[in-house]
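S.K.: Would you mind keeping the following structure in view while I ask a few things?
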Amino acid sequence: MHAPAAEGRPGWLRLWWKAHFTGFSRREAWGYGVWLFFGLIVVVPEVWAAAWADSAPFPTISATIGALEYDHAWVALIVAGAVVLCLYSALRYPPDRTGMLPQRGPRGETLGNTYFGDASLPYRTAGGGRFTRSITPVREIRAGVYFACALVVIAVCTTIAAIETDINDEYPVGRTLYGLILLFWVLIPNLIAWPKRFAVDVPFPTLFSTVRFLERRLRIVALLAAAWLVILLFHLVFYPWPSIIPDLNRTHRTYKCHPLQPAAHPLTPQQQADCKKLDEADAKPEPVAP
């Protein structure tokens, strides 16, 4: 006879969840919520524009950056530099090396102690973990109020851009939407936390601080985040990589069949047959041609 199953025994999934995803601090919970919402407001338009391009009034974020790179090549340098700089600073200068200021109370009192690090490096703020030149606790503004105002500005400006822009030109809407998201989620919180005097912190963790929280619970997340950043770097700088790989291969084959300089070795019969097929494909009219 089989022993009866224990009633009320939690399943393995519940035990795994309890071991990895309980006991959140308020700061950690804010990080998950803010960056998950950030992912949604980026991914939803991205999927919409990619899957239903005819109905989307904006391009994908990668297409928007790619269009800027086509018009201004120096944008690619900024994109590559920003991704590498963010990754380097996150790995090279964690909070335990830079030190962290204590939190400032509602009446200006100091809550907790200063964690000292390398004296040559700036501290990080207590709420957001951002670099600051201040050496005293930084005043905080409510993250809920900040994001409520940010979402209103993003929605209003994007709507105006969609109404005022030519229906055949979707990129102004994309630049407005994604530019404002970058502004409110990344640039403004870091800029207002930096001054030595009158610094202000929006108390939600940076993306890399949130990844560190998640890494302590699931170590594989750090590997996935690093892989995602490398893929993102290639995709944005060499847009539309990896879709350009067949185009590069076709260009290489074309120059191999018709070299600009006399070839050192003649083509083999198989290579000649491949070149003939390639030339025949190039000679075919486009599907929209009359």
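Residues are named by chain letter and number: chains run A, B, ... in the order of the structure tokens, numbers start at 1 in each chain, and ligands are numbered from 1 in the order shown.
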At a cut-off of 12 Å, using only C-alpha atoms, what residues contact segment 32-36 of chain A? Leave out same-chain residues fewer than 6 positions from it and give the result as a count of residues only.
M.R.: 30
S.K.: Compile the contact shell of segment 155-162 of chain A as a list in words: residues with an atom at most 12 Å away, counting only C-alpha atoms, same-chain residues fewer than 3 positions apart removed.
M.R.: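 So the residues in contact are Ile41, Ala56, Pro57, Phe58, Pro59, Phe147, Ala148, Cys149, Ala150, Leu151, Val152, Thr165, Asp166, Ile167, Asn168, Asp169, Glu170, Tyr171, Pro172, Val173, Gly174, Arg175, Thr176, Leu177, Tyr178, Gly179, Leu180 and Ile181 of chain A.
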S.K.: List the neighbours of segment 105-113 of chain A out to 9 Å using only C-alpha atoms; skip same-chain residues closer than 6 positions along the sequence, and give me the result as a PyMOL selection string.
M.R.: chain A and resi 136-137+139-140
S.K.: Tell me, which residues of segment 41-162 of chain A carry DSSP strand (DSSP E), written as a ChimeraX atom specification?
M.R.: /A:99-100,103-104,110-111,115-116,123-124,131-132,139-140
S.K.: Now that the selection is made, can you save its residues with all heavy atoms as a tab-separated table (two decimals), in the first residue's frame?
M.R.:
```tsv
chain	number	residue	atom	x	y	z
A	99	GLY	N	30.88	53.77	-1.98
A	99	GLY	CA	30.30	54.27	-0.75
A	99	GLY	C	28.89	54.78	-0.99
A	99	GLY	O	28.51	55.06	-2.13
A	100	MET	N	28.10	54.88	0.07
A	100	MET	CA	26.71	55.31	-0.07
A	100	MET	C	26.33	56.24	1.07
A	100	MET	O	26.68	55.99	2.24
A	100	MET	CB	25.78	54.10	-0.10
A	100	MET	CG	24.31	54.46	-0.30
A	100	MET	SD	23.26	53.01	-0.57
A	100	MET	CE	23.76	52.55	-2.22
A	103	GLN	N	20.25	57.91	4.29
A	103	GLN	CA	18.98	58.48	3.84
A	103	GLN	C	18.64	59.72	4.65
A	103	GLN	O	18.99	59.84	5.81
A	103	GLN	CB	17.87	57.44	3.96
A	103	GLN	CG	16.57	57.82	3.28
A	103	GLN	CD	15.58	56.68	3.31
A	103	GLN	OE1	15.82	55.65	3.93
A	103	GLN	NE2	14.44	56.85	2.64
A	104	ARG	N	17.94	60.65	3.99
A	104	ARG	CA	17.52	61.87	4.65
A	104	ARG	C	16.07	61.73	5.06
A	104	ARG	O	15.21	61.36	4.25
A	104	ARG	CB	17.69	63.06	3.71
A	104	ARG	CG	17.22	64.38	4.29
A	104	ARG	CD	17.56	65.52	3.35
A	104	ARG	NE	16.99	66.77	3.80
A	104	ARG	CZ	17.26	67.95	3.27
A	104	ARG	NH1	18.11	68.03	2.26
A	104	ARG	NH2	16.70	69.05	3.72
A	110	THR	N	19.23	62.77	9.57
A	110	THR	CA	19.98	61.69	8.93
A	110	THR	C	19.51	60.35	9.47
A	110	THR	O	19.46	60.15	10.69
A	110	THR	CB	21.49	61.84	9.19
A	110	THR	OG1	21.94	63.08	8.62
A	110	THR	CG2	22.27	60.70	8.56
A	111	LEU	N	19.16	59.45	8.57
A	111	LEU	CA	18.70	58.11	8.94
A	111	LEU	C	19.76	57.10	8.51
A	111	LEU	O	20.01	56.91	7.32
A	111	LEU	CB	17.36	57.79	8.25
A	111	LEU	CG	16.21	58.77	8.50
A	111	LEU	CD1	14.98	58.36	7.71
A	111	LEU	CD2	15.90	58.86	9.99
A	115	TYR	N	28.20	54.84	4.38
A	115	TYR	CA	29.07	53.72	4.04
A	115	TYR	C	30.21	54.26	3.18
A	115	TYR	O	29.99	54.74	2.07
A	115	TYR	CB	28.29	52.63	3.29
A	115	TYR	CG	27.24	51.98	4.14
A	115	TYR	CD1	25.92	52.42	4.11
A	115	TYR	CD2	27.56	50.92	4.99
A	115	TYR	CE1	24.95	51.84	4.91
A	115	TYR	CE2	26.59	50.32	5.79
A	115	TYR	CZ	25.29	50.78	5.75
A	115	TYR	OH	24.33	50.20	6.54
A	116	PHE	N	31.40	54.20	3.73
A	116	PHE	CA	32.55	54.80	3.06
A	116	PHE	C	33.13	53.83	2.03
A	116	PHE	O	33.14	52.62	2.22
A	116	PHE	CB	33.62	55.20	4.08
A	116	PHE	CG	33.17	56.25	5.04
A	116	PHE	CD1	32.71	55.90	6.31
A	116	PHE	CD2	33.18	57.59	4.68
A	116	PHE	CE1	32.29	56.86	7.20
A	116	PHE	CE2	32.75	58.56	5.57
A	116	PHE	CZ	32.30	58.20	6.83
A	123	TYR	N	30.05	59.49	-3.97
A	123	TYR	CA	29.11	58.61	-3.28
A	123	TYR	C	27.94	58.25	-4.20
A	123	TYR	O	27.77	58.83	-5.26
A	123	TYR	CB	28.56	59.31	-2.03
A	123	TYR	CG	29.52	59.40	-0.87
A	123	TYR	CD1	30.10	60.61	-0.52
A	123	TYR	CD2	29.83	58.28	-0.12
A	123	TYR	CE1	30.97	60.71	0.55
A	123	TYR	CE2	30.71	58.36	0.96
A	123	TYR	CZ	31.28	59.58	1.29
A	123	TYR	OH	32.13	59.66	2.35
A	124	ARG	N	27.16	57.31	-3.72
A	124	ARG	CA	25.87	57.01	-4.35
A	124	ARG	C	24.76	57.42	-3.39
A	124	ARG	O	24.93	57.41	-2.18
A	124	ARG	CB	25.74	55.52	-4.68
A	124	ARG	CG	26.63	55.07	-5.85
A	124	ARG	CD	26.39	53.62	-6.17
A	124	ARG	NE	27.23	53.14	-7.26
A	124	ARG	CZ	26.88	53.18	-8.55
A	124	ARG	NH1	25.68	53.66	-8.88
A	124	ARG	NH2	27.68	52.71	-9.48
A	131	PHE	N	25.14	58.20	-8.72
A	131	PHE	CA	26.31	58.99	-8.37
A	131	PHE	C	25.89	60.41	-7.98
A	131	PHE	O	25.03	61.01	-8.62
A	131	PHE	CB	27.29	59.06	-9.55
A	131	PHE	CG	28.00	57.76	-9.80
A	131	PHE	CD1	27.82	57.08	-10.99
A	131	PHE	CD2	28.86	57.24	-8.85
A	131	PHE	CE1	28.49	55.89	-11.23
A	131	PHE	CE2	29.53	56.05	-9.07
A	131	PHE	CZ	29.34	55.37	-10.27
A	132	THR	N	26.54	60.94	-6.94
A	132	THR	CA	26.29	62.30	-6.51
A	132	THR	C	27.58	62.90	-5.97
A	132	THR	O	28.40	62.20	-5.38
A	132	THR	CB	25.20	62.36	-5.43
A	132	THR	OG1	24.99	63.73	-5.04
A	132	THR	CG2	25.56	61.55	-4.21
A	139	ARG	N	18.16	65.13	-0.53
A	139	ARG	CA	16.70	65.24	-0.42
A	139	ARG	C	16.04	64.36	-1.48
A	139	ARG	O	16.51	64.25	-2.61
A	139	ARG	CB	16.27	66.69	-0.61
A	139	ARG	CG	14.77	66.93	-0.45
A	139	ARG	CD	14.50	68.42	-0.40
A	139	ARG	NE	14.91	69.08	-1.62
A	139	ARG	CZ	14.11	69.26	-2.68
A	139	ARG	NH1	12.87	68.81	-2.64
A	139	ARG	NH2	14.55	69.90	-3.75
A	140	GLU	N	14.94	63.71	-1.11
A	140	GLU	CA	14.23	62.83	-2.03
A	140	GLU	C	12.87	63.41	-2.40
A	140	GLU	O	12.26	64.14	-1.61
A	140	GLU	CB	14.03	61.45	-1.40
A	140	GLU	CG	15.32	60.69	-1.13
A	140	GLU	CD	15.07	59.32	-0.54
A	140	GLU	OE1	13.90	59.01	-0.23
A	140	GLU	OE2	16.05	58.55	-0.38
```
S.K.: Could you give me, as a tab-separated table, a per-residue list for segment 146-254 of chain A showing, wherever an atom lies at most 9 Å from an atom of segment 78-90 of chain A, the closest pair of atoms and their distance in Å to one decimal, using only C-alpha atoms and sorting by chain then residue number from low to high?
M.R.:
```
residue	atom	partner	partner_atom	distance
A:Phe208	CA	A:Ala90	CA	6.3
A:Ser209	CA	A:Ala90	CA	8.1
A:Ala226	CA	A:Leu87	CA	8.3
A:Leu229	CA	A:Val83	CA	7.3
A:Val230	CA	A:Val83	CA	8.6
A:Leu232	CA	A:Val83	CA	8.5
A:Leu233	CA	A:Ala80	CA	6.2
A:Phe234	CA	A:Ala80	CA	8.5
A:Leu236	CA	A:Val79	CA	7.3
A:Val237	CA	A:Ala80	CA	6.5
```
S.K.: Quick check, in Å to one decimal: how far apart do atom CA of Pro95 of chain A and atom CA of Gly129 of chain A lie?
M.R.: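 Separation between atom CA of Pro95 of chain A and atom CA of Gly129 of chain A: 7.2 Å.
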S.K.: Could you tell me which of A:Ile61, A:Ile192, A:Ala273, A:Leu182 comes closest to Glu46 of chain A if we count only C-alpha atoms?
M.R.: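 Answer, going by the shortest atom-to-atom distance: A:Ile61.
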